[in-house]
>>> print(open('input.pdb').read())   # PDB, C-alpha atoms and all ligand atoms
ATOM      1  CA  MET A   1       2.224   7.450 -14.335
ATOM      2  CA  ILE A   2       1.996   9.055 -10.906
ATOM      3  CA  GLN A   3       4.478  11.798  -9.984
ATOM      4  CA  VAL A   4       5.680  11.487  -6.406
ATOM      5  CA  SER A   5       7.895  14.328  -5.208
ATOM      6  CA  LYS A   6      11.124  13.905  -3.269
ATOM      7  CA  ASN A   7       9.560  15.498  -0.175
ATOM      8  CA  ALA A   8       6.308  13.558  -0.305
ATOM      9  CA  MET A   9       4.529  11.894   2.580
ATOM     10  CA  PHE A  10       3.477   8.802   0.665
ATOM     11  CA  HIS A  11       1.087   6.084   1.936
ATOM     12  CA  VAL A  12      -0.824   7.625   4.848
ATOM     13  CA  HIS A  13      -3.833   6.006   6.552
ATOM     14  CA  THR A  14      -6.719   7.626   8.435
ATOM     15  CA  TYR A  15      -8.754   6.779  11.534
ATOM     16  CA  ARG A  16     -11.457   5.361   9.235
ATOM     17  CA  CYS A  17      -9.595   2.038   8.955
ATOM     18  CA  ARG A  18     -10.132   1.486  12.698
ATOM     19  CA  HIS A  19      -6.456   0.713  13.358
ATOM     20  CA  ALA A  20      -5.002   4.196  12.811
ATOM     21  CA  THR A  21      -5.206   7.269  15.037
ATOM     22  CA  GLY A  22      -5.257  11.050  14.532
ATOM     23  CA  THR A  23      -7.479  13.385  12.582
ATOM     24  CA  ASP A  24      -7.019  14.117   8.874
ATOM     25  CA  ARG A  25      -6.019  17.681   9.730
ATOM     26  CA  GLU A  26      -3.373  16.541  12.209
ATOM     27  CA  TYR A  27      -1.675  14.484   9.469
ATOM     28  CA  ILE A  28      -1.844  17.329   6.960
ATOM     29  CA  GLU A  29      -0.579  19.979   9.352
ATOM     30  CA  ARG A  30       2.266  17.790  10.629
ATOM     31  CA  ALA A  31       3.287  17.001   7.029
ATOM     32  CA  ILE A  32       3.423  20.717   6.224
ATOM     33  CA  GLU A  33       5.392  21.382   9.405
ATOM     34  CA  LEU A  34       7.956  18.742   8.357
ATOM     35  CA  GLY A  35       8.397  20.397   4.953
ATOM     36  CA  ALA A  36       6.450  17.976   2.777
ATOM     37  CA  ASP A  37       5.077  19.289  -0.528
ATOM     38  CA  GLN A  38       2.725  16.333  -1.111
ATOM     39  CA  ILE A  39       0.659  14.058   1.114
ATOM     40  CA  TRP A  40      -0.769  10.874  -0.394
ATOM     41  CA  PHE A  41      -3.666   9.476   1.630
ATOM     42  CA  THR A  42      -4.157   5.804   0.774
ATOM     43  CA  ASP A  43      -6.490   4.386   3.373
ATOM     44  CA  HIS A  44      -7.481   0.703   3.262
ATOM     45  CA  ALA A  45     -10.305   0.276   0.774
ATOM     46  CA  PRO A  46     -13.607  -1.282   1.760
ATOM     47  CA  TYR A  47     -15.263  -3.884  -0.478
ATOM     48  CA  PRO A  48     -18.999  -4.183  -1.054
ATOM     49  CA  GLY A  49     -20.388  -6.508   1.637
ATOM     50  CA  ASP A  50     -17.683  -5.544   4.174
ATOM     51  CA  LYS A  51     -16.236  -9.050   4.545
ATOM     52  CA  ILE A  52     -12.849  -7.660   5.595
ATOM     53  CA  GLY A  53     -12.708  -6.222   9.109
ATOM     54  CA  THR A  54     -10.606  -3.400  10.600
ATOM     55  CA  ARG A  55     -11.139  -0.923   7.815
ATOM     56  CA  MET A  56     -13.718   1.621   6.691
ATOM     57  CA  LEU A  57     -17.147   0.326   5.756
ATOM     58  CA  PHE A  58     -18.261   0.426   2.152
ATOM     59  CA  SER A  59     -20.917   2.955   3.164
ATOM     60  CA  GLU A  60     -18.181   5.257   4.535
ATOM     61  CA  LEU A  61     -16.288   5.560   1.260
ATOM     62  CA  PRO A  62     -18.216   8.607  -0.068
ATOM     63  CA  GLU A  63     -17.423  10.542   3.127
ATOM     64  CA  TYR A  64     -13.687   9.706   2.778
ATOM     65  CA  VAL A  65     -13.696  11.050  -0.769
ATOM     66  CA  SER A  66     -15.735  14.201  -0.080
ATOM     67  CA  THR A  67     -13.769  15.075   3.080
ATOM     68  CA  MET A  68     -10.447  14.587   1.305
ATOM     69  CA  LYS A  69     -11.582  16.685  -1.663
ATOM     70  CA  ALA A  70     -12.575  19.506   0.683
ATOM     71  CA  LEU A  71      -9.239  19.288   2.535
ATOM     72  CA  GLU A  72      -7.357  19.222  -0.762
ATOM     73  CA  LYS A  73      -8.912  22.591  -1.668
ATOM     74  CA  GLU A  74      -8.533  24.054   1.788
ATOM     75  CA  TYR A  75      -4.796  23.278   2.044
ATOM     76  CA  ALA A  76      -3.947  23.736  -1.654
ATOM     77  CA  ARG A  77      -1.653  26.677  -0.989
ATOM     78  CA  ASP A  78       0.467  24.722   1.493
ATOM     79  CA  ILE A  79       0.502  21.147   0.251
ATOM     80  CA  ASP A  80      -0.590  18.999  -2.691
ATOM     81  CA  LEU A  81      -3.054  16.480  -1.237
ATOM     82  CA  LYS A  82      -3.616  13.279  -3.230
ATOM     83  CA  ILE A  83      -6.470  10.887  -2.634
ATOM     84  CA  GLY A  84      -5.975   7.158  -2.999
ATOM     85  CA  LEU A  85      -6.829   3.750  -1.653
ATOM     86  CA  GLU A  86      -4.777   0.702  -0.692
ATOM     87  CA  MET A  87      -6.481  -2.432  -2.016
ATOM     88  CA  GLU A  88      -5.918  -6.161  -2.230
ATOM     89  CA  TYR A  89      -6.351  -7.729  -5.643
ATOM     90  CA  LEU A  90      -9.257 -10.168  -5.174
ATOM     91  CA  PRO A  91     -10.393 -11.714  -8.481
ATOM     92  CA  SER A  92     -14.103 -11.747  -7.604
ATOM     93  CA  TYR A  93     -13.915  -7.988  -6.937
ATOM     94  CA  GLU A  94     -12.010  -7.117 -10.103
ATOM     95  CA  ASN A  95     -14.986  -5.210 -11.557
ATOM     96  CA  TYR A  96     -15.337  -3.254  -8.327
ATOM     97  CA  ILE A  97     -11.633  -2.355  -8.385
ATOM     98  CA  ARG A  98     -11.967  -1.326 -12.039
ATOM     99  CA  ASP A  99     -15.021   0.846 -11.264
ATOM    100  CA  THR A 100     -13.193   2.388  -8.314
ATOM    101  CA  ARG A 101     -10.256   3.229 -10.540
ATOM    102  CA  SER A 102     -12.381   4.708 -13.309
ATOM    103  CA  SER A 103     -14.642   6.652 -10.905
ATOM    104  CA  GLY A 104     -12.370   9.683 -11.178
ATOM    105  CA  ASP A 105     -12.413  10.071  -7.385
ATOM    106  CA  PHE A 106      -8.872   8.809  -6.841
ATOM    107  CA  ASP A 107      -5.397   9.942  -7.832
ATOM    108  CA  LEU A 108      -4.009   6.439  -7.392
ATOM    109  CA  LEU A 109      -4.629   2.897  -6.211
ATOM    110  CA  ILE A 110      -1.925   1.012  -4.382
ATOM    111  CA  LEU A 111      -1.831  -2.773  -4.264
ATOM    112  CA  GLY A 112      -1.453  -3.946  -0.655
ATOM    113  CA  GLN A 113      -1.877  -7.710  -0.837
ATOM    114  CA  HIS A 114      -2.431  -8.430   2.862
ATOM    115  CA  TYR A 115      -5.154 -10.967   2.087
ATOM    116  CA  TYR A 116      -5.958 -13.058  -0.957
ATOM    117  CA  GLU A 117      -8.661 -15.102  -2.618
ATOM    118  CA  ARG A 118      -8.111 -18.848  -2.792
ATOM    119  CA  PRO A 119      -8.866 -20.787  -6.009
ATOM    120  CA  ASP A 120     -12.113 -22.074  -4.415
ATOM    121  CA  GLY A 121     -13.336 -18.486  -3.967
ATOM    122  CA  SER A 122     -12.816 -18.359  -0.191
ATOM    123  CA  PHE A 123     -10.699 -15.609   1.368
ATOM    124  CA  TYR A 124      -7.492 -15.693   3.385
ATOM    125  CA  PHE A 125      -7.591 -12.977   6.048
ATOM    126  CA  GLY A 126      -4.347 -13.785   7.840
ATOM    127  CA  ARG A 127      -6.076 -14.436  11.130
ATOM    128  CA  ARG A 128      -4.841 -16.602  13.966
ATOM    129  CA  GLY A 129      -5.315 -20.275  13.169
ATOM    130  CA  GLU A 130      -5.033 -19.752   9.420
ATOM    131  CA  ASP A 131      -1.861 -20.996   7.799
ATOM    132  CA  CYS A 132       0.034 -17.715   8.103
ATOM    133  CA  LEU A 133       3.371 -19.489   7.667
ATOM    134  CA  ASN A 134       2.560 -20.175   4.020
ATOM    135  CA  GLU A 135       0.768 -16.927   3.230
ATOM    136  CA  ARG A 136       3.587 -15.755   0.947
ATOM    137  CA  PHE A 137       2.511 -18.107  -1.856
ATOM    138  CA  GLY A 138      -1.062 -16.815  -2.014
ATOM    139  CA  GLN A 139       0.047 -13.226  -1.512
ATOM    140  CA  CYS A 140       2.632 -13.515  -4.283
ATOM    141  CA  GLU A 141       0.095 -14.946  -6.704
ATOM    142  CA  GLY A 142      -2.510 -12.310  -5.827
ATOM    143  CA  MET A 143       0.092  -9.581  -6.186
ATOM    144  CA  VAL A 144       1.276 -10.789  -9.585
ATOM    145  CA  ARG A 145      -2.316 -11.022 -10.848
ATOM    146  CA  GLY A 146      -3.004  -7.568  -9.417
ATOM    147  CA  ILE A 147       0.005  -6.121 -11.226
ATOM    148  CA  LYS A 148      -1.062  -7.767 -14.491
ATOM    149  CA  SER A 149      -4.619  -6.416 -14.109
ATOM    150  CA  GLY A 150      -3.200  -2.945 -14.822
ATOM    151  CA  LEU A 151      -5.459  -1.470 -12.122
ATOM    152  CA  PHE A 152      -2.727  -0.331  -9.723
ATOM    153  CA  ASP A 153      -0.083   2.391  -9.721
ATOM    154  CA  VAL A 154       2.107   1.138  -6.888
ATOM    155  CA  VAL A 155       2.792  -2.215  -5.211
ATOM    156  CA  ALA A 156       2.962  -1.595  -1.458
ATOM    157  CA  HIS A 157       5.602  -3.439   0.586
ATOM    158  CA  PRO A 158       6.111  -6.379  -1.847
ATOM    159  CA  ASP A 159       8.743  -7.929   0.447
ATOM    160  CA  ARG A 160       6.349  -8.020   3.422
ATOM    161  CA  ILE A 161       5.045 -11.363   2.144
ATOM    162  CA  PHE A 162       8.185 -12.782   3.781
ATOM    163  CA  ARG A 163       7.369 -11.475   7.271
ATOM    164  CA  ASN A 164       7.148 -15.025   8.628
ATOM    165  CA  CYS A 165      10.512 -16.039   7.169
ATOM    166  CA  THR A 166      13.726 -15.774   9.166
ATOM    167  CA  VAL A 167      16.474 -16.456   6.625
ATOM    168  CA  TRP A 168      16.599 -15.697   2.898
ATOM    169  CA  THR A 169      16.139 -18.799   0.750
ATOM    170  CA  PRO A 170      16.193 -19.613  -2.987
ATOM    171  CA  GLU A 171      12.426 -20.129  -2.798
ATOM    172  CA  MET A 172      11.982 -16.527  -1.618
ATOM    173  CA  ALA A 173      14.199 -15.354  -4.480
ATOM    174  CA  GLU A 174      11.959 -17.263  -6.890
ATOM    175  CA  LEU A 175       8.793 -15.600  -5.548
ATOM    176  CA  SER A 176      10.536 -12.205  -5.627
ATOM    177  CA  LYS A 177      11.499 -12.722  -9.255
ATOM    178  CA  LYS A 178       7.845 -13.310 -10.185
ATOM    179  CA  ILE A 179       6.871  -9.952  -8.677
ATOM    180  CA  ILE A 180       9.803  -8.062 -10.179
ATOM    181  CA  ASP A 181       9.261  -9.611 -13.625
ATOM    182  CA  ALA A 182       5.576  -8.614 -13.491
ATOM    183  CA  VAL A 183       6.353  -4.897 -12.988
ATOM    184  CA  ARG A 184       9.229  -4.780 -15.509
ATOM    185  CA  GLY A 185       8.389  -2.607 -18.479
ATOM    186  CA  THR A 186       5.355  -1.054 -16.749
ATOM    187  CA  ASP A 187       4.857   2.326 -15.006
ATOM    188  CA  ILE A 188       4.083   0.554 -11.720
ATOM    189  CA  PHE A 189       6.284   1.418  -8.738
ATOM    190  CA  LEU A 190       7.505  -1.000  -6.076
ATOM    191  CA  GLU A 191       7.269   0.597  -2.646
ATOM    192  CA  MET A 192      10.118   0.428  -0.131
ATOM    193  CA  ASN A 193       8.046   0.607   3.024
ATOM    194  CA  TYR A 194       9.352   2.477   6.072
ATOM    195  CA  SER A 195       6.903   0.824   8.459
ATOM    196  CA  SER A 196       8.127  -2.605   7.296
ATOM    197  CA  SER A 197      11.755  -1.599   7.789
ATOM    198  CA  ILE A 198      11.211  -1.075  11.517
ATOM    199  CA  LYS A 199       9.465  -4.430  12.009
ATOM    200  CA  LYS A 200      11.435  -7.638  12.296
ATOM    201  CA  ASN A 201      11.608  -9.639   9.030
ATOM    202  CA  HIS A 202       9.135  -7.385   7.196
ATOM    203  CA  TYR A 203      11.750  -5.655   4.982
ATOM    204  CA  TRP A 204      14.295  -7.646   2.967
ATOM    205  CA  THR A 205      17.352  -5.984   1.383
ATOM    206  CA  GLU A 206      17.844  -9.287  -0.466
ATOM    207  CA  PHE A 207      14.612  -8.500  -2.344
ATOM    208  CA  TRP A 208      15.646  -4.935  -3.160
ATOM    209  CA  ASP A 209      19.095  -6.090  -4.313
ATOM    210  CA  MET A 210      17.303  -8.159  -6.982
ATOM    211  CA  VAL A 211      15.387  -5.154  -8.387
ATOM    212  CA  PRO A 212      17.021  -3.944 -11.616
ATOM    213  CA  LYS A 213      17.607  -0.226 -12.276
ATOM    214  CA  ASP A 214      14.878   0.007 -14.935
ATOM    215  CA  VAL A 215      12.161  -0.926 -12.404
ATOM    216  CA  LYS A 216      10.534   2.069 -10.706
ATOM    217  CA  THR A 217      10.727   2.270  -6.925
ATOM    218  CA  LEU A 218       9.614   4.794  -4.310
ATOM    219  CA  LYS A 219       9.629   5.098  -0.531
ATOM    220  CA  GLY A 220       6.387   5.030   1.447
ATOM    221  CA  LEU A 221       5.552   5.513   5.100
ATOM    222  CA  ASP A 222       2.478   3.365   5.718
ATOM    223  CA  ALA A 223       1.698   5.816   8.536
ATOM    224  CA  HIS A 224      -1.052   4.787  10.949
ATOM    225  CA  GLU A 225      -0.320   7.584  13.449
ATOM    226  CA  VAL A 226       0.731  11.218  13.107
ATOM    227  CA  ALA A 227       4.034  10.499  14.918
ATOM    228  CA  ALA A 228       4.996   8.126  12.080
ATOM    229  CA  LEU A 229       5.226  10.984   9.556
ATOM    230  CA  ARG A 230       8.763  11.846   8.441
ATOM    231  CA  LEU A 231      10.617  12.768   5.280
ATOM    232  CA  LEU A 232      12.177   9.591   3.907
ATOM    233  CA  ASP A 233      15.429  11.245   2.844
ATOM    234  CA  PHE A 234      17.525   8.353   4.145
ATOM    235  CA  GLU A 235      18.213   4.762   3.188
ATOM    236  CA  LEU A 236      15.855   2.254   4.818
ATOM    237  CA  VAL A 237      17.686  -0.211   7.040
ATOM    238  CA  PRO A 238      15.882  -3.343   8.201
ATOM    239  CA  VAL A 239      15.792  -4.500  11.807
ATOM    240  CA  ARG A 240      16.583  -8.166  12.227
TER     241      ARG A 240
HETATM  242 ZN    ZN A 301      -3.235  -0.669   8.045
HETATM  243 ZN    ZN A 302      -0.863   0.756   4.189
END
>>> encode(input="input.pdb", output="C-alpha cells", more="lines below")
Ligand SMILES: [Zn+2]
Ligand SMILES: [Zn+2]
Amino acid sequence: MIQVSKNAMFHVHTYRCRHATGTDREYIERAIELGADQIWFTDHAPYPGDKIGTRMLFSELPEYVSTMKALEKEYARDIDLKIGLEMEYLPSYENYIRDTRSSGDFDLLILGQHYYERPDGSFYFGRRGEDCLNERFGQCEGMVRGIKSGLFDVVAHPDRIFRNCTVWTPEMAELSKKIIDAVRGTDIFLEMNYSSSIKKNHYWTEFWDMVPKDVKTLKGLDAHEVAALRLLDFELVPVR
C-alpha cells in the first residue's frame, strides 16, 4: 500500500503530456517552498502505438523515468519525489499495464479512466461528436474492471464520470456504488480531486457521502501548471 503524507503534493503532471506547463524543477521547487514533504508525479501514460493524443509518446517514456530518477536523487534532502503514471484501464493493453507495473520504474499507478475500450475493441476518446453525454457508463465499467485487475494503487477522480450531469440521480448512485464496492476491502485509494472541485459538475459530494469509513481516500491536485500546487489541508468544496 502506498504511503501518502499529510503534506504531499499528490497527482502532478509534466509538460510531456502536451497540455501542462512548467518545468519539472519548477514544480519541485514550488512544492518545497510550500512546505510539501512529498511530490508524486503521475503524468499521463503513453500506450504502445500512441493512439491517444495529448500526452507523452511511448518513445518518450524512458526519458520521463530517467529524468525523474535523477531529480529524485538531486532533491532527496528536501523532498521525497515519487514517480508514477496515470493510466486508463484498457483491456487490450492489460499486459502492457502489468509490465509497466512490474518494471520497477514506478512507485505507483493511478487509474484515470478518461477514455475506455468498447466491447467491439474500439476506443472512446471523449472527443467532440462522440456520445459524451453517456460516457459515464463506459467509464464506470472500465474503472471497475481496472480496480479488479489489481494493477492500480489509486482511482483518480472517480466522481468525474458525472461531469456531464447536472443533478444527482438514483442512476448515478447506482454507478457510484459499483465503484465503491469494487475498492472495498482492498488497499486502493479513491482520490478526492482538487482540480475537479473547481470545475462545474466534476466533483460530487453526493458520491463522497456514499463512501464508507473503511474505504481509503486521499486528496490529489491533478496539477497541470505550477500555480495549481497547494497543500490540500482544507475540505474540498464543489462549484456548482
Ligand atoms: Zn491531464
Ligand atoms: Zn491527472
>>> closest_residue(input="input.pdb", among="A:Asp214, A:Glu117, A:Asp209, A:Glu191", to="ligand ZN 302 (chain A)", atoms="all atoms listed in the file")
A:Glu191
>>> residues_around(input="input.pdb", residues="Gly142 of chain A", least_positions_apart="6", cutoff="12 Å", atoms="all atoms listed in the file", output="PDB file with C-alpha atoms, in the frame of the given file")
ATOM      1  CA  MET A  87      -6.481  -2.432  -2.016  1.00  0.00           C
ATOM      2  CA  GLU A  88      -5.918  -6.161  -2.230  1.00  0.00           C
ATOM      3  CA  TYR A  89      -6.351  -7.729  -5.643  1.00  0.00           C
ATOM      4  CA  LEU A  90      -9.257 -10.168  -5.174  1.00  0.00           C
ATOM      5  CA  PRO A  91     -10.393 -11.714  -8.481  1.00  0.00           C
ATOM      6  CA  SER A  92     -14.103 -11.747  -7.604  1.00  0.00           C
ATOM      7  CA  GLU A  94     -12.010  -7.117 -10.103  1.00  0.00           C
ATOM      8  CA  LEU A 111      -1.831  -2.773  -4.264  1.00  0.00           C
ATOM      9  CA  GLY A 112      -1.453  -3.946  -0.655  1.00  0.00           C
ATOM     10  CA  GLN A 113      -1.877  -7.710  -0.837  1.00  0.00           C
ATOM     11  CA  HIS A 114      -2.431  -8.430   2.862  1.00  0.00           C
ATOM     12  CA  TYR A 115      -5.154 -10.967   2.087  1.00  0.00           C
ATOM     13  CA  TYR A 116      -5.958 -13.058  -0.957  1.00  0.00           C
ATOM     14  CA  GLU A 117      -8.661 -15.102  -2.618  1.00  0.00           C
ATOM     15  CA  ARG A 118      -8.111 -18.848  -2.792  1.00  0.00           C
ATOM     16  CA  PRO A 119      -8.866 -20.787  -6.009  1.00  0.00           C
ATOM     17  CA  PHE A 123     -10.699 -15.609   1.368  1.00  0.00           C
ATOM     18  CA  TYR A 124      -7.492 -15.693   3.385  1.00  0.00           C
ATOM     19  CA  GLU A 135       0.768 -16.927   3.230  1.00  0.00           C
ATOM     20  CA  ARG A 136       3.587 -15.755   0.947  1.00  0.00           C
ATOM     21  CA  LYS A 148      -1.062  -7.767 -14.491  1.00  0.00           C
ATOM     22  CA  SER A 149      -4.619  -6.416 -14.109  1.00  0.00           C
ATOM     23  CA  VAL A 155       2.792  -2.215  -5.211  1.00  0.00           C
ATOM     24  CA  PRO A 158       6.111  -6.379  -1.847  1.00  0.00           C
ATOM     25  CA  ILE A 161       5.045 -11.363   2.144  1.00  0.00           C
ATOM     26  CA  LEU A 175       8.793 -15.600  -5.548  1.00  0.00           C
ATOM     27  CA  LYS A 178       7.845 -13.310 -10.185  1.00  0.00           C
ATOM     28  CA  ILE A 179       6.871  -9.952  -8.677  1.00  0.00           C
ATOM     29  CA  ALA A 182       5.576  -8.614 -13.491  1.00  0.00           C
TER      30      ALA A 182
END
>>> atom_distance(input="input.pdb", atom1="atom CA of Ser5 of chain A", atom2="atom CA of Ile79 of chain A")
11.4 Å
>>> residues_near_ligand(input="input.pdb", ligand="ligand ZN 301 (chain A)", cutoff="10 Å", atoms="all atoms listed in the file", output="MDAnalysis selection string")
chainID A and resid 12:15 17:20 42:44 54:55 86 112 114 222:224
>>> resolve_selection(input="input.pdb", expression="the PyMOL selection byres (((chain A and resi 184) around 10) and not hetatm)", output="MDAnalysis selection string")
chainID A and resid 179:183 185:189 211:212 214:216
>>> residues_around(input="input.pdb", residues="Trp208 of chain A", least_positions_apart="4", cutoff="9 Å", atoms="only C-alpha atoms", output="PyMOL selection string")
chain A and resi 159+192+204+212
>>> resolve_selection(input="input.pdb", expression="the PyMOL selection byres (((chain A and resi 105) around 9) and not hetatm)", output="JSON, numbers by chain")
{"A": [65, 69, 83, 84, 100, 101, 102, 103, 104, 106, 107]}
>>> resolve_selection(input="input.pdb", expression="the PyMOL selection byres (((chain A and resi 165) around 10) and not hetatm)", output="list of chain:residue names")
A:Leu133, A:Asn134, A:Arg136, A:Arg160, A:Ile161, A:Phe162, A:Arg163, A:Asn164, A:Thr166, A:Val167, A:Trp168, A:Thr169, A:Met172, A:Lys200, A:Asn201, A:His202
>>> atom_distance(input="input.pdb", atom1="atom CA of Tyr75 of chain A", atom2="atom CA of Ile28 of chain A")
8.3 Å
>>> axis_aligned_box(input="input.pdb", around="segment 130-137 of chain A", padding_each_side="4 Å", output="AutoDock Vina command-line options")
--center_x -0.7 --center_y -18.4 --center_z 3.8 --size_x 16.6 --size_y 13.2 --size_z 19.3
